[in-house]
Amino acid sequence: MQADTFGAYVRAELDHWGNEFALHRDCEYLGHQSKNLLAVLIEHEGEMPGRVLGFKPLETDIRAQRIEDIVYSIGKDQPVYACILRGYYCGMGRRKVERWETANLLLANMGERPVSQRHYLTLHDVAFAEVKGAMRGIAMARAA
């Protein structure tokens with residue numbers, strides 16, 4: 001029996017995506033103060049920085065953004081799969097309990113019915129296969 005090294009790579013990329021796009025980190029992006037005036041002065045070596053002249057978009061890691069794009073495209077056709085993936089990888093707590101509850105909350109926000117724990121794990125396996133197939137397609141396109 002051969003080890004599925006590509007599957008392990010996809011799972012590691014999904015874990016990285018989940019850390020980067022963690023659902024519990026939303027408050028950091030919603031305008032809560034992350035730096036006070038003293039921190040800004042220390043960062044700019046005692047000089048007050050000039051006035052901000054434009055919008056700086058939120059920076060994300062390219063690896064995590066690649067997975068986000070894949071999950072987004074899956075979500076356009078199968079939104080349930082995207083909710084399951086976001087709950088499984090981007091949620092907090094144990095994957096079989098708290099993250100299942102998070103996935104059910106995401107499904108409820110979309111107007112979908114909640115799923116059982118067994119069905120949640122089955123949907124995760126199918127959604128994981130979708131991501132794996134998309135990543136395999138990207139790898140094959142790069143090789144050609």
# chains A, B, ... in the order shown; residues from 1 in each chain; ligands from 1
>>> residues_around(residues="region 12-19 of chain A", least_positions_apart="3", cutoff="6 Å", atoms="only C-alpha atoms", output="list of chain:residue names")
A:Tyr9, A:Ala22, A:Ala64, A:Tyr89, A:Cys90
>>> residues_around(residues="Gly133 (chain A)", least_positions_apart="3", cutoff="12 Å", atoms="only C-alpha atoms", output="number ranges by chain")
A: 6-7, 10, 70-71, 74, 126-130, 136-140
>>> atom_distance(atom1="CA of Met135 (chain A)", atom2="CA of Ile62 (chain A)")
14.1 Å
>>> atom_distance(atom1="CA of Glu68 (chain A)", atom2="CA of Ala3 (chain A)")
26.2 Å
